[in-house]
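Colleague: For reference, the structure I am asking about is given below.
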Amino acid sequence: MSQIQPRAQVHDIVVIGSGAGGGTAVKVLTDLGFKVTLLEAGPQLNPMKDFKEHVTPYQVPHRGAGAAAEIYFGKQQWGYFAAPNGFWEIEGEPYTVAPGNKFRWFRSRIVGGRTNHYGRISLRFSDYDFKPYSTDGLGTDWPVTYDEIAPYYDKAEGFIGVTGTHEGIRSAPDGNFLPPIPPRVHEVLIKKACDKLKIPVIPSRMAMLTKSIHGRAACHYCGQCGRGCQTASAFSSSQAMVFPAMKTGRLTVIPNAMARELITGDDGKVNAVSYIDKLTRTEKTIRCRAVVVAASACESARLLLNSKSPRFSNGLANSSGQVGRNLTDTVGYGLSGHIPALEGLPKYNSDGIAGMHMYIPWWLWDKKNKDFARGYHVELGGGFNMPGVGSFHGAAGRHEGYGAGLKSSIRAEYGTGVGLSGRGEMIPNEHTFCEIDPHVVDQWGIPVLRFHWRWSEHEINQAKHMHKTFVEIIETMGGTVTGLRNPEREDGGISVGGTIIHEAGTVRMGADPKTSALNRFSQAHEVSNLFVADAASFVSNPDKNVTLSIVAFAWRMSEYMADEMRKGNV
Amino acid sequence: MFKILDDVSRRDALRTIGASAALTASGTGVLTLDAAQHVHQEAASQKASGPYKPKALNAQEYRSLRRLAEMIIPPDAKSKGAIEAGAPEYIDLLCANNGELKEIYTGGLGWLDREMKKRYGALFADAKPEQQTAMLDLIAYRKNDSPALAPGIRFFTWARNMVVDAFYTSKTGFDDLGFMGNGAMAEFKVPQEAMDYALKRSGL
């Protein structure tokens with residue numbers, strides 16, 4: 001254990017991680033008057049320099065393939081333009097996967113983390129999502145109800161800005177919405193087809209501003225949100241939360257700080273955080289009154305598991321043995337289709353906000369005769385997208401050949417494809433978890449995670465249901481299926497675990513300290529000044545994507561934490 | 001609906017926008033459409049340069065690559081071809097920075113030349129157009145896969161993908177497809193004409 005300087009400053013609150021959870025904690029706690037120190041494992045972000053949303057491929061010699069052609073060798077699946085400092089592999093910071101298992105871990109080391117470029121789909125969990133065990137006997141109920149968290153969904157949506165309409169659909173609770181964005185041509189066709197199949201298609205709920213709020217400009221509809229948004233019209237925790245908190249004078253950001261261990265005192269509380277200053281490769285320690293861990297679900301579990309002491313020999317806050325367990329990702333399965341009705345469509349600028357303007361919420365929640373539990377939503381793709389490296393590999397592979405024929409086929413087909421991507425709920429299972437790999441450390445000397453992954457029949461059957469549904473939709477549109485959409489998939493087409501980038505559950509909350517690490521406010525049962533603000537705390541991983549709920553739960557946690565600190569209970 | 005600013009007003013927009021975009025400005029933070037036009041970065045730099053000097057491939061290999069590129073995406077009535085779109089330079093540049101990729105190209109082009117020599121007694125780039133076409137008609141299709149042709153088919157898949165990438169990521173390729181986006185719009189609107197066209201065709 002490292003030395004703590006005896007006269008070192010004691011920080012009120014140290015927040016570890018600056019993504020959706022850490023950003024929210026920083027915003028709420030500084031608003032409430034606390035002094036906060038934020039540790040981020042990556043560099044500071046400069047949107048005007050780091051975000052490349054308006055660069056066209058032909059403005060760089062490598063066209064976005066990466067200077068060393070990375071995109072052709074699976075090293076930068078999202079391409080050079082979206083590079084946020086991280087991705088699937090980080091040099092010097094490995095993770096391992098148990099033999100015979102498949103898992104990919106997307107990490108983003110930069111202020112704002114993955115919120116700088118995420119999809120920004122913002123769906124509330126439904127009332128039944130908080131009661132999975134009561135509903136179907138699988139998984140575990142949350143110690144929180146929809147009614148308790150609903151006011152925080154209101155706050156989260158009001159602050160980050162979410163488009164949407166009031167629909168009164170139980171699986172897709174209505175919220176505090178900005179105006180929706182009009183559908184594109186292919187989305188209207190999908191809706192017409194789905195009307196025939198009795199599948200609902202409604203305006204999407206996305207964290208992009210269709211009007212200006214909180215000093216952030218309204219969207220200018222360039223369609224490149226995934227690259228980061230210089231005008232902060234697409235939500236990111238860096239621009240909407242961390243930067244404004246810095247202006248309060250109550251936030252200190254320490255970038256390039258890789259948390260190594262939480263250090264506990266004789267009273268069993270965290271009294272310091274040990275971290276590696278990556279720029280000097282030296283270990284530093286800061287003292288604190290309380291700590292918020294928000295390093296992303298798996299990274300947060302890793303930090304707790306690596307914070308061992310005689311008193312917490314199983315890792316910090318882990319008497320239950322649940323830290324690292326209950327890992328889930330979203331089930332992903334997708335199909336692309338060619339739609340003849342879109343051939344010859346007059347060209348228009350279909351950019352809008354990146355991703356879907358309409359989506360399919362889960363519609364069979366009250367149907368019992370399914371061969372899988374839980375459900376999925378469907379994300380819609382298509383339109384006249386900006387050409388990039390790889391955009392036409394599918395077409396080239398389908399048409400083969402070369403020359404004038406190939407060229408005219410690609411031209412005629414441009415904009416005639418649609419994509420249907422199912423995003424479904426995975427049920428935690430005993431075979432899927434992360435733990436410390438006893439044999440491997442990263443370049444900072446920190447033991448790394450080893451992942452174990454197995455889909456159950458529920459997820460496999462759900463993916464089959466997606467397949468059947470998507471074929472029906474494409475064929476009802478008069479189209480033909482052209483291929484699978486997930487870039488990384490297992491046999492049968494289901495996504496490889498981790499590749500939908502919705503990890504959750506690894507430091508779960510619960511009413512019973514024997515089966516959970518955190519209480520219903522995301523405070524550790526065993527360590528009163530330790531809080532978790534990311535999706536690690538989630539008891540289940542509904543088909544709603546995690547980020548909006550991370551913000552809502554982190555907001556609630558932060559208010560509770562502030563209250564308890566003022567009362568002297570922390 | 002949206003307009004492209006000329007370069008002078010783009011520079012003005014860039015000055016106006018900086019503070020607001022970085023969320024440092026007081027006031028509403030609402031960007032005007034003009035200000036948002038900073039999004040159009042300067043058009044691709046009009047580099048006036050002499051003939052490209054290959055960095056990874058030798059002169060013979062580069063000649064073959066140029067001919068391949070020209071055959072994969074040729075000029076037609078609507079647009080220029082892959083050579084004009086910079087495909088050979090693109091591939092050579094990436095080969096110079098990636099040894100694995102370079103091997104794919106030197107190996108593939110070497111195979112192609114040897115095969116052409118065997119069949120026609122001429123290197124690929126020197127062979128007659130009908131001989132070049134006959135060769136590509138074999139290696140451009142998976143159905144011709146055989147131990148004798150497999151290396152050529154594998155290589156041609158790489159070359160076709162990368163030539164296609166280079167062409168469609170060029171300004172020429174954007175224009176060929178009619179891509180209109182990545183600009184700034186005051187509001188998102190779909191032309192009624194487009195909507196009507198697809199609905200009518202779909203019969204939905």
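Here, A, B, ... name the chains of the structure tokens in the order displayed, residue numbers run from 1 inside each chain, and ligands are numbered from 1 in the same displayed order.
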Using DSSP on the backbone coordinates, identify all residues within region 53-190 of chain B classified as alpha helix (DSSP H); present the result as a ChimeraX atom specification.
Modeller: /B:59-72,87-97,99-120,129-139,150-168,171-177
Colleague: Which residues, written as a list in words, have at least one atom at most 7 Å from Pro542 (chain A), with only C-alpha atoms counted and residues fewer than 4 positions away on the same chain left out?
Modeller: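 Answer for this query is Phe125, Asp129 and Glu425 of chain A.
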Colleague: For a quick test of understanding: name the residues of chain A lying within 7 Å of chain B when counting only C-alpha atoms, and present them as a PyMOL selection string.
Modeller: chain A and resi 54-55+57-59+61-63+67-69+182+184-185+189+192-193+212+215-218+220-223+230-231+341-342+345-352+384+386-390+393+396+400-404+407+411+414+477-478
Colleague: Taking the DSSP assignment computed from this structure's backbone, write out as a PyMOL selection string all residues of region 200-296 of chain A that belong to strand (DSSP E).
Modeller: chain A and resi 202-203+251-254+257-264+270-277+282-293
Colleague: Take the residues from that selection and put them in a file with N, CA and C atoms, as a compact mmCIF listing (two decimals), in the first residue's frame.
Modeller:
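The resulting file, part_35.txt, is shown below:
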# COMPACT_ATOMS: atom_id res chain seq x y z
N ILE A 202 -42.73 4.22 -33.59
CA ILE A 202 -42.99 5.54 -33.00
C ILE A 202 -41.74 6.41 -33.12
N PRO A 203 -41.91 7.73 -32.98
CA PRO A 203 -40.74 8.62 -33.04
C PRO A 203 -39.68 8.23 -32.01
N LEU A 251 -15.00 22.19 -9.11
CA LEU A 251 -14.55 20.92 -9.68
C LEU A 251 -13.08 21.00 -10.11
N THR A 252 -12.31 20.02 -9.69
CA THR A 252 -10.94 19.86 -10.17
C THR A 252 -10.90 18.58 -11.00
N VAL A 253 -10.44 18.71 -12.23
CA VAL A 253 -10.33 17.52 -13.08
C VAL A 253 -8.87 17.09 -13.14
N ILE A 254 -8.61 15.84 -12.83
CA ILE A 254 -7.26 15.29 -12.98
C ILE A 254 -7.30 14.27 -14.11
N ALA A 257 -5.39 9.97 -15.13
CA ALA A 257 -5.27 9.40 -13.79
C ALA A 257 -6.00 8.06 -13.75
N MET A 258 -5.23 7.00 -13.72
CA MET A 258 -5.80 5.64 -13.75
C MET A 258 -5.93 5.14 -12.31
N ALA A 259 -7.17 5.05 -11.82
CA ALA A 259 -7.37 4.63 -10.44
C ALA A 259 -6.86 3.20 -10.25
N ARG A 260 -6.11 2.99 -9.19
CA ARG A 260 -5.53 1.68 -8.94
C ARG A 260 -6.22 0.97 -7.78
N GLU A 261 -6.52 1.75 -6.72
CA GLU A 261 -7.03 1.11 -5.51
C GLU A 261 -7.73 2.14 -4.64
N LEU A 262 -8.78 1.70 -3.97
CA LEU A 262 -9.40 2.52 -2.94
C LEU A 262 -8.81 2.08 -1.61
N ILE A 263 -8.32 3.03 -0.84
CA ILE A 263 -7.63 2.70 0.40
C ILE A 263 -8.56 2.98 1.57
N THR A 264 -8.70 1.97 2.43
CA THR A 264 -9.61 2.12 3.57
C THR A 264 -8.82 2.33 4.86
N VAL A 270 -13.44 4.41 3.03
CA VAL A 270 -12.42 4.81 2.06
C VAL A 270 -11.87 6.16 2.51
N ASN A 271 -10.56 6.24 2.71
CA ASN A 271 -10.02 7.55 3.06
C ASN A 271 -9.05 8.11 2.02
N ALA A 272 -8.78 7.31 0.99
CA ALA A 272 -7.90 7.81 -0.07
C ALA A 272 -8.07 6.98 -1.33
N VAL A 273 -7.69 7.58 -2.45
CA VAL A 273 -7.68 6.88 -3.73
C VAL A 273 -6.26 6.90 -4.25
N SER A 274 -5.76 5.72 -4.57
CA SER A 274 -4.44 5.64 -5.17
C SER A 274 -4.61 5.55 -6.69
N TYR A 275 -3.87 6.37 -7.42
CA TYR A 275 -3.98 6.32 -8.87
C TYR A 275 -2.61 6.46 -9.52
N ILE A 276 -2.54 6.03 -10.76
CA ILE A 276 -1.31 6.19 -11.54
C ILE A 276 -1.46 7.44 -12.39
N ASP A 277 -0.50 8.35 -12.25
CA ASP A 277 -0.43 9.47 -13.18
C ASP A 277 0.24 8.94 -14.44
N THR A 282 3.84 7.58 -12.32
CA THR A 282 4.08 7.54 -10.87
C THR A 282 2.76 7.33 -10.16
N GLU A 283 2.84 6.73 -9.00
CA GLU A 283 1.64 6.51 -8.23
C GLU A 283 1.40 7.71 -7.33
N LYS A 284 0.15 8.14 -7.27
CA LYS A 284 -0.20 9.27 -6.41
C LYS A 284 -1.40 8.87 -5.56
N THR A 285 -1.57 9.59 -4.49
CA THR A 285 -2.67 9.28 -3.59
C THR A 285 -3.37 10.57 -3.22
N ILE A 286 -4.70 10.58 -3.30
CA ILE A 286 -5.42 11.74 -2.77
C ILE A 286 -6.38 11.28 -1.69
N ARG A 287 -6.45 12.08 -0.65
CA ARG A 287 -7.34 11.75 0.48
C ARG A 287 -8.73 12.30 0.18
N CYS A 288 -9.73 11.65 0.71
CA CYS A 288 -11.09 12.09 0.42
C CYS A 288 -12.02 11.74 1.58
N ARG A 289 -13.15 12.45 1.63
CA ARG A 289 -14.20 12.12 2.61
C ARG A 289 -15.15 11.06 2.06
N ALA A 290 -15.32 11.06 0.75
CA ALA A 290 -16.22 10.08 0.13
C ALA A 290 -15.80 9.88 -1.32
N VAL A 291 -16.19 8.74 -1.87
CA VAL A 291 -15.78 8.44 -3.24
C VAL A 291 -16.97 7.92 -4.05
N VAL A 292 -17.02 8.35 -5.31
CA VAL A 292 -18.03 7.85 -6.26
C VAL A 292 -17.28 7.10 -7.35
N VAL A 293 -17.58 5.82 -7.48
CA VAL A 293 -16.94 5.01 -8.51
C VAL A 293 -17.86 4.98 -9.73
Colleague: Any idea what the distance is between CA of Val532 (chain A) and CA of Arg227 (chain A)?
Modeller: 28.0 Å
Colleague: Give me the residues near region 439-453 of chain A as an MDAnalysis selection string, where near means some atom within 7 Å (using only C-alpha atoms) and where sequence neighbours in that chain fewer than 5 positions away do not count.
Modeller: chainID A and resid 92:98 101:103 260 302 431:434 497
Colleague: Just to be explicit: take each residue in the selection above, keep C-alpha atoms, and write the result as a short mmCIF file (atom, residue, chain, number, x, y, z; two decimals), in the first residue's frame.
Modeller:
data_model
loop_
_atom_site.label_atom_id
_atom_site.label_comp_id
_atom_site.auth_asym_id
_atom_site.auth_seq_id
_atom_site.Cartn_x
_atom_site.Cartn_y
_atom_site.Cartn_z
CA GLY A 92 -0.78 -1.56 -22.64
CA GLU A 93 -4.17 -2.11 -21.01
CA PRO A 94 -5.25 -5.62 -21.94
CA TYR A 95 -8.04 -7.79 -20.64
CA THR A 96 -8.35 -11.52 -20.99
CA VAL A 97 -11.19 -13.85 -21.96
CA ALA A 98 -11.54 -17.36 -20.54
CA ASN A 101 -15.49 -17.77 -24.38
CA LYS A 102 -15.97 -14.67 -26.51
CA PHE A 103 -16.20 -11.13 -25.17
CA ARG A 260 -5.53 1.68 -8.94
CA ARG A 302 -12.16 -4.25 -11.29
CA HIS A 431 -21.57 -18.41 -16.44
CA THR A 432 -21.22 -14.75 -17.34
CA PHE A 433 -19.01 -12.61 -15.14
CA CYS A 434 -15.66 -10.88 -14.80
CA GLY A 497 -20.95 -10.47 -25.72
#
Colleague: What does the distance from CA of Ile190 (chain A) to CA of Arg489 (chain A) come to in Å, to one decimal?
Modeller: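 Separating CA of Ile190 (chain A) from CA of Arg489 (chain A) is a distance of 25.0 Å.
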Colleague: Would you pick out the contacts of region 319-335 of chain A at 7 Å or less, using only C-alpha atoms, so that residues sharing its chain but fewer than 4 positions from it are not included, and give the list as a VMD selection string?
Modeller: chain A and resid 301 314 419 to 426 428 to 429 432 to 435 459 463 466 470 481 483 to 486 493 to 495 497 to 498 500 to 507 513 to 517 541 543
Colleague: Could you check how far CA of Met206 (chain A) sits from CA of Ile121 (chain A), in Å to one decimal?
Modeller: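 The value is 4.6 Å.
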Colleague: Can you pull out the residues contacting Phe521 (chain A)? Cut-off 10 Å, using only C-alpha atoms, and skip same-chain residues under 5 positions away; I want them as JSON, numbers by chain.
Modeller: {"A": [143, 144, 509, 510, 531, 532, 533, 537, 553, 554, 556, 557, 558, 559, 560, 561]}
Colleague: Measuring atom to atom with only C-alpha atoms, identify which of B:Ala82, B:Leu109, B:Ala159, B:Ala87 is nearest to Leu57 (chain B).
Modeller: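 Closest to Leu57 (chain B), using only C-alpha atoms: B:Leu109.
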Colleague: Considering only C-alpha atoms, state which residue in the set A:Arg566, A:Ala373, A:Asn306, A:Gly74 is at the smallest distance from Ser456 (chain A).
Modeller: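 Closest residue, counting only C-alpha atoms: A:Ala373.
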